[in-house]
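Source file: protein.cif. Holds: mmCIF, N, CA and C atoms.
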```cif
data_run
loop_
_atom_site.group_PDB
_atom_site.id
_atom_site.type_symbol
_atom_site.label_atom_id
_atom_site.label_comp_id
_atom_site.auth_asym_id
_atom_site.auth_seq_id
_atom_site.Cartn_x
_atom_site.Cartn_y
_atom_site.Cartn_z
ATOM 1 N N MET A 1 -19.970 -17.343 -34.370
ATOM 2 C CA MET A 1 -20.673 -17.510 -35.634
ATOM 3 C C MET A 1 -19.667 -17.620 -36.779
ATOM 4 N N GLN A 2 -18.625 -16.813 -36.721
ATOM 5 C CA GLN A 2 -17.622 -16.839 -37.792
ATOM 6 C C GLN A 2 -16.969 -18.215 -37.925
ATOM 7 N N ASP A 3 -16.736 -18.871 -36.790
ATOM 8 C CA ASP A 3 -16.137 -20.212 -36.838
ATOM 9 C C ASP A 3 -17.047 -21.200 -37.575
ATOM 10 N N PHE A 4 -18.344 -21.138 -37.314
ATOM 11 C CA PHE A 4 -19.281 -22.048 -37.979
ATOM 12 C C PHE A 4 -19.392 -21.749 -39.467
ATOM 13 N N LEU A 5 -19.371 -20.483 -39.828
ATOM 14 C CA LEU A 5 -19.449 -20.119 -41.240
ATOM 15 C C LEU A 5 -18.192 -20.532 -41.999
ATOM 16 N N ALA A 6 -17.044 -20.445 -41.343
ATOM 17 C CA ALA A 6 -15.773 -20.789 -41.985
ATOM 18 C C ALA A 6 -15.614 -22.302 -42.161
ATOM 19 N N ASP A 7 -15.882 -23.067 -41.101
ATOM 20 C CA ASP A 7 -15.711 -24.529 -41.150
ATOM 21 C C ASP A 7 -16.585 -25.158 -40.071
ATOM 22 N N GLU A 8 -17.760 -25.602 -40.474
ATOM 23 C CA GLU A 8 -18.734 -26.119 -39.512
ATOM 24 C C GLU A 8 -18.201 -27.332 -38.738
ATOM 25 N N SER A 9 -17.505 -28.227 -39.397
ATOM 26 C CA SER A 9 -16.979 -29.423 -38.724
ATOM 27 C C SER A 9 -15.970 -29.049 -37.640
ATOM 28 N N LYS A 10 -15.083 -28.156 -37.959
ATOM 29 C CA LYS A 10 -14.074 -27.710 -37.005
ATOM 30 C C LYS A 10 -14.720 -26.965 -35.835
ATOM 31 N N ALA A 11 -15.710 -26.141 -36.128
ATOM 32 C CA ALA A 11 -16.423 -25.397 -35.084
ATOM 33 C C ALA A 11 -17.184 -26.350 -34.167
ATOM 34 N N ASN A 12 -17.762 -27.415 -34.739
ATOM 35 C CA ASN A 12 -18.455 -28.405 -33.906
ATOM 36 C C ASN A 12 -17.498 -29.054 -32.916
ATOM 37 N N LEU A 13 -16.301 -29.381 -33.361
ATOM 38 C CA LEU A 13 -15.308 -29.966 -32.457
ATOM 39 C C LEU A 13 -14.958 -29.004 -31.321
ATOM 40 N N LYS A 14 -14.917 -27.738 -31.636
ATOM 41 C CA LYS A 14 -14.529 -26.716 -30.655
ATOM 42 C C LYS A 14 -15.659 -26.379 -29.681
ATOM 43 N N TYR A 15 -16.911 -26.314 -30.153
ATOM 44 C CA TYR A 15 -18.001 -25.781 -29.335
ATOM 45 C C TYR A 15 -19.092 -26.781 -28.930
ATOM 46 N N LEU A 16 -19.323 -27.819 -29.701
ATOM 47 C CA LEU A 16 -20.437 -28.722 -29.451
ATOM 48 C C LEU A 16 -20.369 -29.336 -28.056
ATOM 49 N N ASP A 17 -21.494 -29.299 -27.341
ATOM 50 C CA ASP A 17 -21.626 -29.817 -25.972
ATOM 51 C C ASP A 17 -20.741 -29.104 -24.963
ATOM 52 N N LYS A 18 -20.334 -27.898 -25.285
ATOM 53 C CA LYS A 18 -19.534 -27.100 -24.354
ATOM 54 C C LYS A 18 -20.372 -25.912 -23.885
ATOM 55 N N THR A 19 -20.103 -25.454 -22.679
ATOM 56 C CA THR A 19 -20.802 -24.298 -22.128
ATOM 57 C C THR A 19 -20.082 -23.034 -22.557
ATOM 58 N N ILE A 20 -20.864 -22.087 -23.082
ATOM 59 C CA ILE A 20 -20.298 -20.804 -23.481
ATOM 60 C C ILE A 20 -21.126 -19.679 -22.879
ATOM 61 N N ALA A 21 -20.539 -18.510 -22.822
ATOM 62 C CA ALA A 21 -21.240 -17.308 -22.371
ATOM 63 C C ALA A 21 -21.221 -16.314 -23.522
ATOM 64 N N ILE A 22 -22.375 -15.704 -23.770
ATOM 65 C CA ILE A 22 -22.452 -14.696 -24.822
ATOM 66 C C ILE A 22 -23.274 -13.503 -24.341
ATOM 67 N N LYS A 23 -23.056 -12.391 -25.008
ATOM 68 C CA LYS A 23 -23.812 -11.177 -24.731
ATOM 69 C C LYS A 23 -24.390 -10.701 -26.051
ATOM 70 N N GLY A 24 -25.653 -10.277 -26.021
ATOM 71 C CA GLY A 24 -26.258 -9.780 -27.242
ATOM 72 C C GLY A 24 -27.639 -9.211 -27.002
ATOM 73 N N LYS A 25 -28.229 -8.715 -28.085
ATOM 74 C CA LYS A 25 -29.556 -8.109 -28.015
ATOM 75 C C LYS A 25 -30.610 -9.138 -28.398
ATOM 76 N N ILE A 26 -31.659 -9.203 -27.613
ATOM 77 C CA ILE A 26 -32.755 -10.127 -27.886
ATOM 78 C C ILE A 26 -33.534 -9.611 -29.086
ATOM 79 N N THR A 27 -33.635 -10.444 -30.117
ATOM 80 C CA THR A 27 -34.373 -10.049 -31.320
ATOM 81 C C THR A 27 -35.710 -10.759 -31.431
ATOM 82 N N SER A 28 -35.934 -11.790 -30.609
ATOM 83 C CA SER A 28 -37.203 -12.509 -30.624
ATOM 84 C C SER A 28 -37.400 -13.194 -29.276
ATOM 85 N N VAL A 29 -38.657 -13.206 -28.798
ATOM 86 C CA VAL A 29 -38.987 -13.850 -27.526
ATOM 87 C C VAL A 29 -40.205 -14.745 -27.717
ATOM 88 N N ASP A 30 -40.120 -15.980 -27.218
ATOM 89 C CA ASP A 30 -41.264 -16.890 -27.176
ATOM 90 C C ASP A 30 -41.405 -17.332 -25.721
ATOM 91 N N ALA A 31 -42.152 -16.548 -24.941
ATOM 92 C CA ALA A 31 -42.298 -16.805 -23.506
ATOM 93 C C ALA A 31 -42.955 -18.151 -23.233
ATOM 94 N N LEU A 32 -43.870 -18.577 -24.084
ATOM 95 C CA LEU A 32 -44.578 -19.839 -23.895
ATOM 96 C C LEU A 32 -43.614 -21.028 -23.906
ATOM 97 N N ASN A 33 -42.601 -20.975 -24.774
ATOM 98 C CA ASN A 33 -41.630 -22.072 -24.900
ATOM 99 C C ASN A 33 -40.290 -21.769 -24.246
ATOM 100 N N ASN A 34 -40.184 -20.643 -23.550
ATOM 101 C CA ASN A 34 -38.933 -20.233 -22.876
ATOM 102 C C ASN A 34 -37.755 -20.151 -23.843
ATOM 103 N N THR A 35 -38.006 -19.622 -25.030
ATOM 104 C CA THR A 35 -36.929 -19.470 -26.003
ATOM 105 C C THR A 35 -36.775 -18.009 -26.402
ATOM 106 N N ILE A 36 -35.545 -17.660 -26.757
ATOM 107 C CA ILE A 36 -35.244 -16.332 -27.279
ATOM 108 C C ILE A 36 -34.262 -16.492 -28.440
ATOM 109 N N VAL A 37 -34.178 -15.474 -29.257
ATOM 110 C CA VAL A 37 -33.165 -15.414 -30.297
ATOM 111 C C VAL A 37 -32.336 -14.172 -30.011
ATOM 112 N N ILE A 38 -31.034 -14.336 -30.040
ATOM 113 C CA ILE A 38 -30.112 -13.231 -29.773
ATOM 114 C C ILE A 38 -29.424 -12.847 -31.076
ATOM 115 N N ASP A 39 -29.436 -11.563 -31.356
ATOM 116 C CA ASP A 39 -28.774 -10.993 -32.542
ATOM 117 C C ASP A 39 -29.158 -11.704 -33.843
ATOM 118 N N GLU A 40 -30.361 -12.254 -33.897
ATOM 119 C CA GLU A 40 -30.887 -12.963 -35.068
ATOM 120 C C GLU A 40 -30.031 -14.150 -35.497
ATOM 121 N N LYS A 41 -29.111 -14.605 -34.621
ATOM 122 C CA LYS A 41 -28.188 -15.670 -35.006
ATOM 123 C C LYS A 41 -28.063 -16.787 -33.983
ATOM 124 N N VAL A 42 -28.555 -16.570 -32.766
ATOM 125 C CA VAL A 42 -28.383 -17.566 -31.708
ATOM 126 C C VAL A 42 -29.747 -17.898 -31.106
ATOM 127 N N PHE A 43 -30.195 -19.145 -31.303
ATOM 128 C CA PHE A 43 -31.459 -19.626 -30.741
ATOM 129 C C PHE A 43 -31.155 -20.198 -29.363
ATOM 130 N N VAL A 44 -31.863 -19.709 -28.334
ATOM 131 C CA VAL A 44 -31.554 -20.076 -26.951
ATOM 132 C C VAL A 44 -32.789 -20.639 -26.253
ATOM 133 N N LEU A 45 -32.628 -21.820 -25.660
ATOM 134 C CA LEU A 45 -33.660 -22.414 -24.819
ATOM 135 C C LEU A 45 -33.255 -22.158 -23.376
ATOM 136 N N LEU A 46 -34.063 -21.359 -22.680
ATOM 137 C CA LEU A 46 -33.761 -21.008 -21.294
ATOM 138 C C LEU A 46 -34.177 -22.121 -20.346
ATOM 139 N N LYS A 47 -33.425 -22.295 -19.248
ATOM 140 C CA LYS A 47 -33.742 -23.319 -18.247
ATOM 141 C C LYS A 47 -35.068 -23.034 -17.566
ATOM 142 N N LYS A 48 -35.326 -21.754 -17.292
ATOM 143 C CA LYS A 48 -36.556 -21.391 -16.606
ATOM 144 C C LYS A 48 -37.162 -20.148 -17.231
ATOM 145 N N ASN A 49 -38.430 -19.970 -16.984
ATOM 146 C CA ASN A 49 -39.155 -18.822 -17.518
ATOM 147 C C ASN A 49 -38.500 -17.529 -17.033
ATOM 148 N N SER A 50 -38.365 -16.586 -17.921
ATOM 149 C CA SER A 50 -37.721 -15.329 -17.584
ATOM 150 C C SER A 50 -38.545 -14.166 -18.118
ATOM 151 N N ASP A 51 -38.354 -13.034 -17.520
ATOM 152 C CA ASP A 51 -39.117 -11.838 -17.875
ATOM 153 C C ASP A 51 -38.330 -10.959 -18.846
ATOM 154 N N VAL A 52 -37.726 -11.531 -19.860
ATOM 155 C CA VAL A 52 -36.922 -10.763 -20.806
ATOM 156 C C VAL A 52 -37.804 -10.139 -21.868
ATOM 157 N N LYS A 53 -37.312 -9.063 -22.449
ATOM 158 C CA LYS A 53 -38.069 -8.355 -23.469
ATOM 159 C C LYS A 53 -37.229 -8.177 -24.731
ATOM 160 N N GLN A 54 -37.920 -8.077 -25.851
ATOM 161 C CA GLN A 54 -37.244 -7.846 -27.122
ATOM 162 C C GLN A 54 -36.446 -6.546 -27.047
ATOM 163 N N ASN A 55 -35.290 -6.522 -27.710
ATOM 164 C CA ASN A 55 -34.343 -5.401 -27.772
ATOM 165 C C ASN A 55 -33.548 -5.199 -26.489
ATOM 166 N N GLU A 56 -33.748 -6.038 -25.485
ATOM 167 C CA GLU A 56 -32.975 -5.970 -24.254
ATOM 168 C C GLU A 56 -31.604 -6.620 -24.504
ATOM 169 N N VAL A 57 -30.547 -6.032 -23.985
ATOM 170 C CA VAL A 57 -29.214 -6.622 -24.092
ATOM 171 C C VAL A 57 -28.981 -7.470 -22.846
ATOM 172 N N ILE A 58 -28.613 -8.740 -23.074
ATOM 173 C CA ILE A 58 -28.429 -9.667 -21.954
ATOM 174 C C ILE A 58 -27.148 -10.470 -22.103
ATOM 175 N N ASN A 59 -26.736 -11.066 -20.997
ATOM 176 C CA ASN A 59 -25.646 -12.045 -20.965
ATOM 177 C C ASN A 59 -26.278 -13.383 -20.627
ATOM 178 N N ILE A 60 -25.950 -14.408 -21.395
ATOM 179 C CA ILE A 60 -26.444 -15.749 -21.095
ATOM 180 C C ILE A 60 -25.286 -16.731 -21.089
ATOM 181 N N GLN A 61 -25.510 -17.843 -20.394
ATOM 182 C CA GLN A 61 -24.556 -18.944 -20.393
ATOM 183 C C GLN A 61 -25.347 -20.213 -20.646
ATOM 184 N N GLY A 62 -24.886 -21.015 -21.599
ATOM 185 C CA GLY A 62 -25.584 -22.245 -21.923
ATOM 186 C C GLY A 62 -24.724 -23.186 -22.735
ATOM 187 N N ARG A 63 -25.296 -24.339 -23.064
ATOM 188 C CA ARG A 63 -24.572 -25.396 -23.772
ATOM 189 C C ARG A 63 -24.901 -25.346 -25.265
ATOM 190 N N VAL A 64 -23.864 -25.363 -26.079
ATOM 191 C CA VAL A 64 -24.045 -25.374 -27.529
ATOM 192 C C VAL A 64 -24.483 -26.775 -27.950
ATOM 193 N N ILE A 65 -25.637 -26.841 -28.629
ATOM 194 C CA ILE A 65 -26.137 -28.158 -29.059
ATOM 195 C C ILE A 65 -26.072 -28.324 -30.571
ATOM 196 N N GLY A 66 -25.634 -27.275 -31.267
ATOM 197 C CA GLY A 66 -25.482 -27.432 -32.700
ATOM 198 C C GLY A 66 -25.607 -26.141 -33.473
ATOM 199 N N TYR A 67 -25.478 -26.309 -34.779
ATOM 200 C CA TYR A 67 -25.568 -25.190 -35.712
ATOM 201 C C TYR A 67 -26.516 -25.593 -36.828
ATOM 202 N N ASP A 68 -27.476 -24.744 -37.113
ATOM 203 C CA ASP A 68 -28.431 -24.986 -38.191
ATOM 204 C C ASP A 68 -27.961 -24.202 -39.410
ATOM 205 N N SER A 69 -27.357 -24.891 -40.370
ATOM 206 C CA SER A 69 -26.794 -24.207 -41.537
ATOM 207 C C SER A 69 -27.880 -23.633 -42.444
ATOM 208 N N LEU A 70 -29.074 -24.209 -42.421
ATOM 209 C CA LEU A 70 -30.172 -23.687 -43.232
ATOM 210 C C LEU A 70 -30.624 -22.313 -42.720
ATOM 211 N N LEU A 71 -30.796 -22.209 -41.414
ATOM 212 C CA LEU A 71 -31.210 -20.935 -40.807
ATOM 213 C C LEU A 71 -30.021 -20.060 -40.404
ATOM 214 N N GLU A 72 -28.819 -20.630 -40.487
ATOM 215 C CA GLU A 72 -27.598 -19.963 -40.038
ATOM 216 C C GLU A 72 -27.753 -19.482 -38.594
ATOM 217 N N GLU A 73 -28.139 -20.439 -37.729
ATOM 218 C CA GLU A 73 -28.342 -20.168 -36.314
ATOM 219 C C GLU A 73 -27.560 -21.155 -35.466
ATOM 220 N N ILE A 74 -26.955 -20.642 -34.424
ATOM 221 C CA ILE A 74 -26.343 -21.490 -33.402
ATOM 222 C C ILE A 74 -27.438 -21.812 -32.400
ATOM 223 N N LYS A 75 -27.480 -23.051 -31.938
ATOM 224 C CA LYS A 75 -28.510 -23.499 -30.997
ATOM 225 C C LYS A 75 -27.868 -23.733 -29.630
ATOM 226 N N ILE A 76 -28.502 -23.165 -28.603
ATOM 227 C CA ILE A 76 -28.014 -23.287 -27.227
ATOM 228 C C ILE A 76 -29.175 -23.724 -26.350
ATOM 229 N N ASP A 77 -28.908 -24.662 -25.420
ATOM 230 C CA ASP A 77 -29.932 -25.043 -24.453
ATOM 231 C C ASP A 77 -29.359 -24.930 -23.044
ATOM 232 N N GLN A 78 -30.171 -25.259 -22.043
ATOM 233 C CA GLN A 78 -29.782 -25.181 -20.636
ATOM 234 C C GLN A 78 -29.219 -23.804 -20.290
ATOM 235 N N ALA A 79 -29.772 -22.776 -20.887
ATOM 236 C CA ALA A 79 -29.226 -21.434 -20.717
ATOM 237 C C ALA A 79 -29.797 -20.711 -19.496
ATOM 238 N N GLU A 80 -28.927 -19.934 -18.895
ATOM 239 C CA GLU A 80 -29.304 -19.091 -17.769
ATOM 240 C C GLU A 80 -28.866 -17.659 -18.067
ATOM 241 N N ILE A 81 -29.665 -16.726 -17.607
ATOM 242 C CA ILE A 81 -29.301 -15.314 -17.756
ATOM 243 C C ILE A 81 -28.358 -14.954 -16.628
ATOM 244 N N LYS A 82 -27.264 -14.330 -16.974
ATOM 245 C CA LYS A 82 -26.240 -13.946 -15.994
ATOM 246 C C LYS A 82 -26.290 -12.464 -15.728
#
```
What is this file in structure tokens?
Amino acid sequence: MQDFLADESKANLKYLDKTIAIKGKITSVDALNNTIVIDEKVFVLLKKNSDVKQNEVINIQGRVIGYDSLLEEIKIDQAEIK
């Protein structure tokens, strides 16, 4: 997140379309759309439906698809829980 806040263009070169692994606490769950938000800063689209719960600490791996400067959120898709 710090890289995107410091220089979004440079962070895009470093992370965009790359697979990353992160660990954090789930702050929001949308089971219908298979999405979660981690630490209120990372929007994650899961590959498959998962039984995760809010406030659970998880490790995920997925592809960075961008940064939303308006919401100050990193967007990840194709994510799997590790």
Suppose a student applies the PyMOL selection byres ((chain A and resi 58) around 5) to this structure; what residues should they get, written as an MDAnalysis selection string?
chainID A and resid 23:24 56:57 59:60
Test item: axis-aligned box, all listed atoms of range 23-37 of chain A, 6 Å on each side, centre and edges in Å rounded to one decimal, as JSON:
```
{"center_x": -33.8, "center_y": -15.1, "center_z": -27.2, "size_x": 33.5, "size_y": 26.0, "size_z": 20.6}
```
Grab the atom C of Ala31 in chain A to CA of Asn12 in chain A distance for me, in Å with one decimal place.
28.6 Å
Can you check which residues of chain A DSSP gives as strand (DSSP E) on the backbone and send them as an MDAnalysis selection string?
chainID A and resid 19:30 35:38 42:46 57:68 73:81
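In the backbone-derived DSSP annotation, helix (DSSP H, G or I) within chain A comprises Gln2, Asp3, Phe4, Leu5, Ala6, Glu8, Ser9, Lys10, Ala11, Asn12, Leu13, Lys14, Tyr15, Ala31, Leu32 and Asn33 of chain A.
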Suppose we keep N, CA and C atoms; can you now write the selection as an mmCIF file, keeping the file's coordinate frame?
```cif
data_model
loop_
_atom_site.group_PDB
_atom_site.id
_atom_site.type_symbol
_atom_site.label_atom_id
_atom_site.label_comp_id
_atom_site.auth_asym_id
_atom_site.auth_seq_id
_atom_site.Cartn_x
_atom_site.Cartn_y
_atom_site.Cartn_z
ATOM 1 N N GLN A 2 -18.625 -16.813 -36.721
ATOM 2 C CA GLN A 2 -17.622 -16.839 -37.792
ATOM 3 C C GLN A 2 -16.969 -18.215 -37.925
ATOM 4 N N ASP A 3 -16.736 -18.871 -36.790
ATOM 5 C CA ASP A 3 -16.137 -20.212 -36.838
ATOM 6 C C ASP A 3 -17.047 -21.200 -37.575
ATOM 7 N N PHE A 4 -18.344 -21.138 -37.314
ATOM 8 C CA PHE A 4 -19.281 -22.048 -37.979
ATOM 9 C C PHE A 4 -19.392 -21.749 -39.467
ATOM 10 N N LEU A 5 -19.371 -20.483 -39.828
ATOM 11 C CA LEU A 5 -19.449 -20.119 -41.240
ATOM 12 C C LEU A 5 -18.192 -20.532 -41.999
ATOM 13 N N ALA A 6 -17.044 -20.445 -41.343
ATOM 14 C CA ALA A 6 -15.773 -20.789 -41.985
ATOM 15 C C ALA A 6 -15.614 -22.302 -42.161
ATOM 16 N N GLU A 8 -17.760 -25.602 -40.474
ATOM 17 C CA GLU A 8 -18.734 -26.119 -39.512
ATOM 18 C C GLU A 8 -18.201 -27.332 -38.738
ATOM 19 N N SER A 9 -17.505 -28.227 -39.397
ATOM 20 C CA SER A 9 -16.979 -29.423 -38.724
ATOM 21 C C SER A 9 -15.970 -29.049 -37.640
ATOM 22 N N LYS A 10 -15.083 -28.156 -37.959
ATOM 23 C CA LYS A 10 -14.074 -27.710 -37.005
ATOM 24 C C LYS A 10 -14.720 -26.965 -35.835
ATOM 25 N N ALA A 11 -15.710 -26.141 -36.128
ATOM 26 C CA ALA A 11 -16.423 -25.397 -35.084
ATOM 27 C C ALA A 11 -17.184 -26.350 -34.167
ATOM 28 N N ASN A 12 -17.762 -27.415 -34.739
ATOM 29 C CA ASN A 12 -18.455 -28.405 -33.906
ATOM 30 C C ASN A 12 -17.498 -29.054 -32.916
ATOM 31 N N LEU A 13 -16.301 -29.381 -33.361
ATOM 32 C CA LEU A 13 -15.308 -29.966 -32.457
ATOM 33 C C LEU A 13 -14.958 -29.004 -31.321
ATOM 34 N N LYS A 14 -14.917 -27.738 -31.636
ATOM 35 C CA LYS A 14 -14.529 -26.716 -30.655
ATOM 36 C C LYS A 14 -15.659 -26.379 -29.681
ATOM 37 N N TYR A 15 -16.911 -26.314 -30.153
ATOM 38 C CA TYR A 15 -18.001 -25.781 -29.335
ATOM 39 C C TYR A 15 -19.092 -26.781 -28.930
ATOM 40 N N ALA A 31 -42.152 -16.548 -24.941
ATOM 41 C CA ALA A 31 -42.298 -16.805 -23.506
ATOM 42 C C ALA A 31 -42.955 -18.151 -23.233
ATOM 43 N N LEU A 32 -43.870 -18.577 -24.084
ATOM 44 C CA LEU A 32 -44.578 -19.839 -23.895
ATOM 45 C C LEU A 32 -43.614 -21.028 -23.906
ATOM 46 N N ASN A 33 -42.601 -20.975 -24.774
ATOM 47 C CA ASN A 33 -41.630 -22.072 -24.900
ATOM 48 C C ASN A 33 -40.290 -21.769 -24.246
#
```
Explicit residue set for the PyMOL selection byres (((chain A and resi 42 and name CA) around 10) and name CA), as a PyMOL selection string:
chain A and resi 1+22+24+26-27+36-41+43-45+64+67-68+72-76
Write the residues of the preceding selection, restricted to N, CA and C atoms, as an mmCIF file, in the coordinates of the input.
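Listed below is the output, result-v9.cif:
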```
data_model
loop_
_atom_site.group_PDB
_atom_site.id
_atom_site.type_symbol
_atom_site.label_atom_id
_atom_site.label_comp_id
_atom_site.auth_asym_id
_atom_site.auth_seq_id
_atom_site.Cartn_x
_atom_site.Cartn_y
_atom_site.Cartn_z
ATOM 1 N N MET A 1 -19.970 -17.343 -34.370
ATOM 2 C CA MET A 1 -20.673 -17.510 -35.634
ATOM 3 C C MET A 1 -19.667 -17.620 -36.779
ATOM 4 N N ILE A 22 -22.375 -15.704 -23.770
ATOM 5 C CA ILE A 22 -22.452 -14.696 -24.822
ATOM 6 C C ILE A 22 -23.274 -13.503 -24.341
ATOM 7 N N GLY A 24 -25.653 -10.277 -26.021
ATOM 8 C CA GLY A 24 -26.258 -9.780 -27.242
ATOM 9 C C GLY A 24 -27.639 -9.211 -27.002
ATOM 10 N N ILE A 26 -31.659 -9.203 -27.613
ATOM 11 C CA ILE A 26 -32.755 -10.127 -27.886
ATOM 12 C C ILE A 26 -33.534 -9.611 -29.086
ATOM 13 N N THR A 27 -33.635 -10.444 -30.117
ATOM 14 C CA THR A 27 -34.373 -10.049 -31.320
ATOM 15 C C THR A 27 -35.710 -10.759 -31.431
ATOM 16 N N ILE A 36 -35.545 -17.660 -26.757
ATOM 17 C CA ILE A 36 -35.244 -16.332 -27.279
ATOM 18 C C ILE A 36 -34.262 -16.492 -28.440
ATOM 19 N N VAL A 37 -34.178 -15.474 -29.257
ATOM 20 C CA VAL A 37 -33.165 -15.414 -30.297
ATOM 21 C C VAL A 37 -32.336 -14.172 -30.011
ATOM 22 N N ILE A 38 -31.034 -14.336 -30.040
ATOM 23 C CA ILE A 38 -30.112 -13.231 -29.773
ATOM 24 C C ILE A 38 -29.424 -12.847 -31.076
ATOM 25 N N ASP A 39 -29.436 -11.563 -31.356
ATOM 26 C CA ASP A 39 -28.774 -10.993 -32.542
ATOM 27 C C ASP A 39 -29.158 -11.704 -33.843
ATOM 28 N N GLU A 40 -30.361 -12.254 -33.897
ATOM 29 C CA GLU A 40 -30.887 -12.963 -35.068
ATOM 30 C C GLU A 40 -30.031 -14.150 -35.497
ATOM 31 N N LYS A 41 -29.111 -14.605 -34.621
ATOM 32 C CA LYS A 41 -28.188 -15.670 -35.006
ATOM 33 C C LYS A 41 -28.063 -16.787 -33.983
ATOM 34 N N PHE A 43 -30.195 -19.145 -31.303
ATOM 35 C CA PHE A 43 -31.459 -19.626 -30.741
ATOM 36 C C PHE A 43 -31.155 -20.198 -29.363
ATOM 37 N N VAL A 44 -31.863 -19.709 -28.334
ATOM 38 C CA VAL A 44 -31.554 -20.076 -26.951
ATOM 39 C C VAL A 44 -32.789 -20.639 -26.253
ATOM 40 N N LEU A 45 -32.628 -21.820 -25.660
ATOM 41 C CA LEU A 45 -33.660 -22.414 -24.819
ATOM 42 C C LEU A 45 -33.255 -22.158 -23.376
ATOM 43 N N VAL A 64 -23.864 -25.363 -26.079
ATOM 44 C CA VAL A 64 -24.045 -25.374 -27.529
ATOM 45 C C VAL A 64 -24.483 -26.775 -27.950
ATOM 46 N N TYR A 67 -25.478 -26.309 -34.779
ATOM 47 C CA TYR A 67 -25.568 -25.190 -35.712
ATOM 48 C C TYR A 67 -26.516 -25.593 -36.828
ATOM 49 N N ASP A 68 -27.476 -24.744 -37.113
ATOM 50 C CA ASP A 68 -28.431 -24.986 -38.191
ATOM 51 C C ASP A 68 -27.961 -24.202 -39.410
ATOM 52 N N GLU A 72 -28.819 -20.630 -40.487
ATOM 53 C CA GLU A 72 -27.598 -19.963 -40.038
ATOM 54 C C GLU A 72 -27.753 -19.482 -38.594
ATOM 55 N N GLU A 73 -28.139 -20.439 -37.729
ATOM 56 C CA GLU A 73 -28.342 -20.168 -36.314
ATOM 57 C C GLU A 73 -27.560 -21.155 -35.466
ATOM 58 N N ILE A 74 -26.955 -20.642 -34.424
ATOM 59 C CA ILE A 74 -26.343 -21.490 -33.402
ATOM 60 C C ILE A 74 -27.438 -21.812 -32.400
ATOM 61 N N LYS A 75 -27.480 -23.051 -31.938
ATOM 62 C CA LYS A 75 -28.510 -23.499 -30.997
ATOM 63 C C LYS A 75 -27.868 -23.733 -29.630
ATOM 64 N N ILE A 76 -28.502 -23.165 -28.603
ATOM 65 C CA ILE A 76 -28.014 -23.287 -27.227
ATOM 66 C C ILE A 76 -29.175 -23.724 -26.350
#
```
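Our summary of the geometry notes that CA of Lys25 in chain A is positioned 15.9 Å from CA of Gly62 in chain A.
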Got a sec to write range 44-55 of chain A of the block to a file, N, CA and C atoms, as a PDB file, in the first residue's frame?
```pdb
ATOM      1  N   VAL A  44     -10.450  -8.157  -2.757  1.00  0.00           N
ATOM      2  CA  VAL A  44     -10.014  -9.448  -3.292  1.00  0.00           C
ATOM      3  C   VAL A  44     -11.190 -10.206  -3.902  1.00  0.00           C
ATOM      4  N   LEU A  45     -11.013 -10.639  -5.148  1.00  0.00           N
ATOM      5  CA  LEU A  45     -11.974 -11.513  -5.810  1.00  0.00           C
ATOM      6  C   LEU A  45     -11.412 -12.924  -5.735  1.00  0.00           C
ATOM      7  N   LEU A  46     -12.114 -13.789  -5.003  1.00  0.00           N
ATOM      8  CA  LEU A  46     -11.657 -15.166  -4.824  1.00  0.00           C
ATOM      9  C   LEU A  46     -12.014 -16.020  -6.030  1.00  0.00           C
ATOM     10  N   LYS A  47     -11.159 -17.004  -6.351  1.00  0.00           N
ATOM     11  CA  LYS A  47     -11.410 -17.911  -7.476  1.00  0.00           C
ATOM     12  C   LYS A  47     -12.647 -18.757  -7.240  1.00  0.00           C
ATOM     13  N   LYS A  48     -12.826 -19.201  -5.994  1.00  0.00           N
ATOM     14  CA  LYS A  48     -13.965 -20.052  -5.684  1.00  0.00           C
ATOM     15  C   LYS A  48     -14.585 -19.641  -4.361  1.00  0.00           C
ATOM     16  N   ASN A  49     -15.814 -20.041  -4.182  1.00  0.00           N
ATOM     17  CA  ASN A  49     -16.546 -19.722  -2.961  1.00  0.00           C
ATOM     18  C   ASN A  49     -15.797 -20.278  -1.750  1.00  0.00           C
ATOM     19  N   SER A  50     -15.720 -19.494  -0.715  1.00  0.00           N
ATOM     20  CA  SER A  50     -14.997 -19.900   0.478  1.00  0.00           C
ATOM     21  C   SER A  50     -15.828 -19.594   1.716  1.00  0.00           C
ATOM     22  N   ASP A  51     -15.535 -20.293   2.765  1.00  0.00           N
ATOM     23  CA  ASP A  51     -16.285 -20.160   4.013  1.00  0.00           C
ATOM     24  C   ASP A  51     -15.570 -19.217   4.980  1.00  0.00           C
ATOM     25  N   VAL A  52     -15.096 -18.086   4.516  1.00  0.00           N
ATOM     26  CA  VAL A  52     -14.366 -17.153   5.369  1.00  0.00           C
ATOM     27  C   VAL A  52     -15.329 -16.269   6.135  1.00  0.00           C
ATOM     28  N   LYS A  53     -14.860 -15.765   7.259  1.00  0.00           N
ATOM     29  CA  LYS A  53     -15.691 -14.919   8.100  1.00  0.00           C
ATOM     30  C   LYS A  53     -14.981 -13.604   8.403  1.00  0.00           C
ATOM     31  N   GLN A  54     -15.779 -12.582   8.652  1.00  0.00           N
ATOM     32  CA  GLN A  54     -15.231 -11.281   9.013  1.00  0.00           C
ATOM     33  C   GLN A  54     -14.381 -11.418  10.274  1.00  0.00           C
ATOM     34  N   ASN A  55     -13.300 -10.642  10.348  1.00  0.00           N
ATOM     35  CA  ASN A  55     -12.323 -10.607  11.444  1.00  0.00           C
ATOM     36  C   ASN A  55     -11.392 -11.812  11.474  1.00  0.00           C
TER      37      ASN A  55
END
```
